[in-house]
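Visitor: I'd like to ask some things about the structure below.
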Amino acid sequence: MTDEKKKADCRQEPGTLVPVVDRNRCEGKRDCVEACPYDVFEIGPIGPGERRGLTIVGRLKAFAHGGLQAFAVRAEACRGCGLCVVACPEHAITLRPRKA
Ligand code: SF4
């Protein structure tokens, strides 16, 4: 599917829904980065705040993957197409209404 086709399938107004990444599931595999036609995601290091909230399993995953995870750095551009939700092999992404 071309990027233009993907964009045509995204029907929400930008920022109506935003992707939320489950820090205990994300393994930074980049599938969401590749799937999103609006470049919402980047892979980067988890910070001390995120690290503190991890479960034991989450900490082990983070250690195993170099502390890199996906971040919705341009969440306001999300069109709610769901491609990232489907693409994530760890089922780490959900779409939620943006908080006012
Ligand atoms: S739902 Fe996911 S893939 Fe679609 S625009 Fe939003 S962040 Fe990108």
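Naming scheme: A, B, ... for chains in displayed order of the structure tokens; residues 1 onward per chain; ligands 1 onward as shown.
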Kindly provide, as an mmCIF file with N, CA and C atoms, in the first residue's frame, all nucleotide and amino acid residues lying within 6 Å of ligand 1, counting only C-alpha atoms and all ligand atoms.
Guide:
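What ended up in part14.cif:
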data_model
loop_
_atom_site.group_PDB
_atom_site.id
_atom_site.type_symbol
_atom_site.label_atom_id
_atom_site.label_comp_id
_atom_site.auth_asym_id
_atom_site.auth_seq_id
_atom_site.Cartn_x
_atom_site.Cartn_y
_atom_site.Cartn_z
ATOM 1 N N PRO A 19 -2.302 7.769 19.984
ATOM 2 C CA PRO A 19 -1.797 6.451 20.364
ATOM 3 C C PRO A 19 -1.134 6.503 21.732
ATOM 4 N N ALA A 35 4.749 1.707 10.049
ATOM 5 C CA ALA A 35 3.337 1.631 9.654
ATOM 6 C C ALA A 35 2.660 2.996 9.565
ATOM 7 N N CYS A 36 3.060 3.925 10.394
ATOM 8 C CA CYS A 36 2.317 5.189 10.486
ATOM 9 C C CYS A 36 2.594 6.101 9.293
ATOM 10 N N PRO A 37 1.554 6.478 8.542
ATOM 11 C CA PRO A 37 1.755 7.365 7.401
ATOM 12 C C PRO A 37 1.983 8.819 7.799
ATOM 13 N N TYR A 38 1.820 9.140 9.090
ATOM 14 C CA TYR A 38 1.959 10.532 9.544
ATOM 15 C C TYR A 38 3.180 10.752 10.438
ATOM 16 N N VAL A 40 4.142 9.692 13.269
ATOM 17 C CA VAL A 40 3.827 10.020 14.665
ATOM 18 C C VAL A 40 4.903 9.494 15.623
ATOM 19 N N CYS A 78 -1.948 12.313 14.671
ATOM 20 C CA CYS A 78 -2.625 11.014 14.527
ATOM 21 C C CYS A 78 -4.003 11.180 13.910
ATOM 22 N N ARG A 79 -4.307 10.340 12.942
ATOM 23 C CA ARG A 79 -5.622 10.338 12.289
ATOM 24 C C ARG A 79 -6.474 9.142 12.703
ATOM 25 N N GLY A 80 -5.979 8.350 13.636
ATOM 26 C CA GLY A 80 -6.789 7.257 14.155
ATOM 27 C C GLY A 80 -7.046 6.119 13.196
ATOM 28 N N CYS A 81 -6.125 5.892 12.277
ATOM 29 C CA CYS A 81 -6.347 4.838 11.273
ATOM 30 C C CYS A 81 -6.180 3.433 11.850
ATOM 31 N N GLY A 82 -5.416 3.311 12.928
ATOM 32 C CA GLY A 82 -5.228 2.010 13.564
ATOM 33 C C GLY A 82 -4.123 1.156 12.974
ATOM 34 N N LEU A 83 -3.406 1.672 11.986
ATOM 35 C CA LEU A 83 -2.348 0.859 11.365
ATOM 36 C C LEU A 83 -1.262 0.480 12.369
ATOM 37 N N CYS A 84 -0.938 1.379 13.286
ATOM 38 C CA CYS A 84 0.096 1.087 14.281
ATOM 39 C C CYS A 84 -0.384 0.013 15.260
#
Visitor: Set the distance at 12 Å and use only C-alpha atoms: which residues neighbour Glu42 of chain A once local chain neighbours fewer than 2 positions away are removed? I'd like the list as number ranges by chain.
Guide: A: 21, 28-36, 38-40, 44-46, 68-75
Visitor: For the residues in the current selection, export C-alpha atoms as a PDB file, in the first residue's frame.
Guide:
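Written out: result_18.pdb:
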ATOM      1  CA  VAL A  21       2.219   3.027  24.167  1.00  0.00           C
ATOM      2  CA  GLY A  28      11.097  -0.805  20.287  1.00  0.00           C
ATOM      3  CA  LYS A  29      10.795  -2.989  17.219  1.00  0.00           C
ATOM      4  CA  ARG A  30       9.886  -0.036  14.961  1.00  0.00           C
ATOM      5  CA  ASP A  31       6.800  -1.618  13.379  1.00  0.00           C
ATOM      6  CA  CYS A  32       4.745   1.421  14.383  1.00  0.00           C
ATOM      7  CA  VAL A  33       7.357   3.781  12.924  1.00  0.00           C
ATOM      8  CA  GLU A  34       7.140   1.943   9.613  1.00  0.00           C
ATOM      9  CA  ALA A  35       3.337   1.631   9.654  1.00  0.00           C
ATOM     10  CA  CYS A  36       2.317   5.189  10.486  1.00  0.00           C
ATOM     11  CA  TYR A  38       1.959  10.532   9.544  1.00  0.00           C
ATOM     12  CA  ASP A  39       5.348   9.923  11.201  1.00  0.00           C
ATOM     13  CA  VAL A  40       3.827  10.020  14.665  1.00  0.00           C
ATOM     14  CA  GLY A  44      14.203   6.594  21.677  1.00  0.00           C
ATOM     15  CA  PRO A  45      15.533   5.826  25.148  1.00  0.00           C
ATOM     16  CA  ILE A  46      13.087   5.534  28.016  1.00  0.00           C
ATOM     17  CA  LEU A  68      14.739   1.781  23.493  1.00  0.00           C
ATOM     18  CA  GLN A  69      10.992   2.114  23.000  1.00  0.00           C
ATOM     19  CA  ALA A  70       8.476   3.847  20.744  1.00  0.00           C
ATOM     20  CA  PHE A  71       7.249   7.337  21.580  1.00  0.00           C
ATOM     21  CA  ALA A  72       4.341   9.171  19.981  1.00  0.00           C
ATOM     22  CA  VAL A  73       6.340  12.368  19.516  1.00  0.00           C
ATOM     23  CA  ARG A  74       3.832  13.829  17.051  1.00  0.00           C
ATOM     24  CA  ALA A  75       0.622  12.473  18.606  1.00  0.00           C
TER      25      ALA A  75
END
Visitor: Please return, as a VMD selection string, all residues of chain A that DSSP assigns to alpha helix (DSSP H) on the basis of the backbone.
Guide: chain A and resid 3 to 8 31 to 35 48 to 52 56 to 64 83 to 87
Visitor: Between A:Leu17, A:Val86, A:Arg25, A:Lys99, which is the closest to Ile56 of chain A once you count only C-alpha atoms?
Guide: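 Checking each candidate against Ile56 of chain A, we get A:Arg25 as the closest.
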Visitor: In segment 38-96 of chain A, what's strand (DSSP E or B) per DSSP? Answer as a list of chain:residue names?
Guide: A:Phe41, A:Glu42, A:Ile43, A:Gly44, A:Pro45, A:Leu68, A:Gln69, A:Ala70, A:Phe71, A:Ala72, A:Ile93, A:Thr94, A:Leu95, A:Arg96
Visitor: Which of these, A:Pro97, A:Gly58, A:Pro89, A:Gly66, has the shortest distance to Asn24 of chain A once you count only C-alpha atoms?
Guide: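 Checking each candidate against Asn24 of chain A, we get A:Gly58 as the closest.
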Visitor: I need the residue nearest Glu27 of chain A from this list: A:Arg51, A:His65, A:Arg11, A:Arg59. Use only C-alpha atoms for the distance.
Guide: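 Among the listed residues, A:His65 lies closest to Glu27 of chain A.
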Visitor: Tell me which of A:Cys26, A:Ala92, A:Val18, A:Glu13 sits closest to Lys61 of chain A, counting only C-alpha atoms.
Guide: A:Cys26
Visitor: Between atom CA of Thr16 of chain A and atom CA of Glu76 of chain A, what is the distance in Å, rounded to a tenth?
Guide: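 Distance between the two atoms: 8.0 Å.
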Visitor: For the atom pair atom CA of Pro14 of chain A and atom CA of Ala77 of chain A, what is the interatomic distance in Å to one decimal place?
Guide: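 Rounded to one decimal, the two atoms are 5.0 Å apart.
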Visitor: What does the distance from atom CA of Arg98 of chain A to atom CA of Glu50 of chain A come to in Å, to one decimal?
Guide: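 Computing the Euclidean distance for atom CA of Arg98 of chain A and atom CA of Glu50 of chain A yields 20.0 Å.
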